[in-house]
$ cat input-v1.tsv   # TSV, C-alpha atoms
chain	number	residue	atom	x	y	z
A	2	MET	CA	0.00	0.00	0.00
A	3	THR	CA	2.88	2.35	0.75
A	4	ALA	CA	4.51	1.74	-2.62
A	5	LEU	CA	1.20	2.50	-4.31
A	6	GLY	CA	0.94	5.79	-2.40
A	7	ILE	CA	4.45	6.78	-3.44
A	8	ALA	CA	3.71	5.88	-7.06
A	9	LEU	CA	0.48	7.90	-6.98
A	10	GLY	CA	2.36	10.87	-5.52
A	11	TYR	CA	4.90	10.69	-8.33
A	12	TYR	CA	2.11	10.42	-10.91
A	13	ALA	CA	0.37	13.43	-9.37
A	14	ALA	CA	3.64	15.38	-9.58
A	15	LEU	CA	3.85	14.73	-13.32
A	16	SER	CA	0.15	15.22	-14.04
A	17	PRO	CA	-0.98	18.75	-14.92
A	18	TRP	CA	-4.56	17.84	-14.00
A	19	PHE	CA	-4.10	17.11	-10.30
A	20	ALA	CA	-5.63	20.16	-8.58
A	21	ASN	CA	-3.12	22.48	-10.33
A	22	LEU	CA	-0.44	21.36	-7.88
A	23	GLY	CA	1.51	19.02	-10.14
A	24	PHE	CA	4.62	20.69	-11.50
A	25	THR	CA	4.68	23.73	-9.25
A	26	VAL	CA	4.37	22.04	-5.85
A	27	LEU	CA	4.47	18.24	-5.91
A	28	TYR	CA	7.43	18.13	-8.33
A	29	ARG	CA	9.84	19.63	-5.79
A	30	PRO	CA	12.00	17.17	-3.82
A	31	LEU	CA	11.34	18.91	-0.49
A	32	ILE	CA	7.57	18.45	-0.82
A	33	ALA	CA	8.04	14.94	-2.22
A	34	GLY	CA	10.25	13.99	0.71
A	35	THR	CA	7.73	15.31	3.20
A	36	LEU	CA	4.89	13.36	1.58
A	37	VAL	CA	6.91	10.14	1.40
A	38	GLY	CA	8.03	10.59	5.00
A	39	TRP	CA	4.42	11.05	6.03
A	40	LEU	CA	3.45	7.86	4.16
A	41	LEU	CA	6.30	5.93	5.80
A	42	GLY	CA	5.52	7.28	9.27
A	43	ASP	CA	8.44	9.70	9.77
A	44	PRO	CA	7.72	13.08	8.16
A	45	LEU	CA	10.65	14.85	9.86
A	46	THR	CA	13.23	12.51	8.35
A	47	GLY	CA	11.42	12.67	5.02
A	48	MET	CA	11.64	16.44	5.11
A	49	GLN	CA	15.35	16.34	5.94
A	50	VAL	CA	16.13	13.92	3.12
A	51	GLY	CA	13.94	15.91	0.73
A	52	ALA	CA	15.77	19.11	1.67
A	53	ALA	CA	19.14	17.45	1.04
A	54	ILE	CA	17.98	16.29	-2.40
A	55	ASN	CA	16.42	19.69	-3.11
A	56	VAL	CA	19.79	21.42	-2.70
A	57	LEU	CA	21.03	19.57	-5.79
A	58	TYR	CA	18.19	21.00	-7.89
A	59	LEU	CA	18.22	24.65	-6.73
A	60	GLY	CA	20.08	25.97	-9.77
A	61	TRP	CA	18.35	23.56	-12.13
A	62	ILE	CA	17.81	24.90	-15.63
A	63	GLY	CA	17.70	23.07	-18.92
A	64	ALA	CA	19.58	25.30	-21.32
A	65	GLY	CA	20.58	24.33	-24.83
A	66	GLY	CA	20.55	20.64	-25.61
A	67	HIS	CA	20.90	19.60	-21.98
A	68	LEU	CA	18.10	17.37	-20.67
A	69	PRO	CA	18.00	17.83	-16.88
A	70	GLY	CA	17.27	15.01	-14.46
A	71	ASP	CA	13.87	14.30	-12.98
A	72	ALA	CA	13.67	16.12	-9.65
A	73	ALA	CA	10.38	14.46	-8.71
A	74	LEU	CA	11.76	10.96	-9.22
A	75	ALA	CA	14.81	11.83	-7.14
A	76	GLY	CA	12.58	13.22	-4.40
A	77	TYR	CA	10.11	10.35	-4.20
A	78	LEU	CA	12.47	7.40	-4.70
A	79	GLY	CA	15.45	8.94	-2.94
A	80	THR	CA	13.45	9.59	0.20
A	81	ALA	CA	11.83	6.16	0.11
A	82	LEU	CA	15.22	4.47	-0.17
A	83	ALA	CA	16.81	6.58	2.55

$ encode --input "input-v1.tsv" --output "structure tokens"
Amino acid sequence: MTALGIALGYYAALSPWFANLGFTVLYRPLIAGTLVGWLLGDPLTGMQVGAAINVLYLGWIGAGGHLPGDAALAGYLGTALA
């Protein structure tokens, strides 16, 4: 059930139709980490791991032919694995 919740959170982060929160809010690793931590029963640790992952994506911009990494995937899976 927990894996399904994490997968639904990631899907909601990529979906533009989920209450207009998709890319602007749920896509960020800090929010993703908090949600995953809440699902796993430890929101404080989830927030700390999400903040650590979020630091890597602060200056994130896809300029030129560069395809940047998926911040939402890093936030959801990285927090779940930590």

$ atom_distance --input "input-v1.tsv" --atom1 "CA of Leu31 in chain A" --atom2 "CA of Leu5 in chain A"
19.7 Å

$ closest_residue --input "input-v1.tsv" --among "A:Pro30, A:Gly42, A:Gly47, A:Gly60" --to "Ala75 in chain A" --atoms "all atoms listed in the file"
A:Pro30

$ closest_residue --input "input-v1.tsv" --among "A:Ile54, A:Ala13, A:Ala73, A:Leu59" --to "Ala33 in chain A" --atoms "all atoms listed in the file"
A:Ala73

$ closest_residue --input "input-v1.tsv" --among "A:Thr25, A:Gly6, A:Pro44, A:Gly34" --to "Leu74 in chain A" --atoms "only C-alpha atoms"
A:Gly34

$ atom_distance --input "input-v1.tsv" --atom1 "CA of Trp18 in chain A" --atom2 "CA of Gln49 in chain A"
28.2 Å

$ closest_residue --input "input-v1.tsv" --among "A:Tyr11, A:Asp71, A:Ala83, A:Pro17" --to "Leu36 in chain A" --atoms "only C-alpha atoms"
A:Tyr11

$ atom_distance --input "input-v1.tsv" --atom1 "CA of Tyr28 in chain A" --atom2 "CA of Thr80 in chain A"
13.5 Å
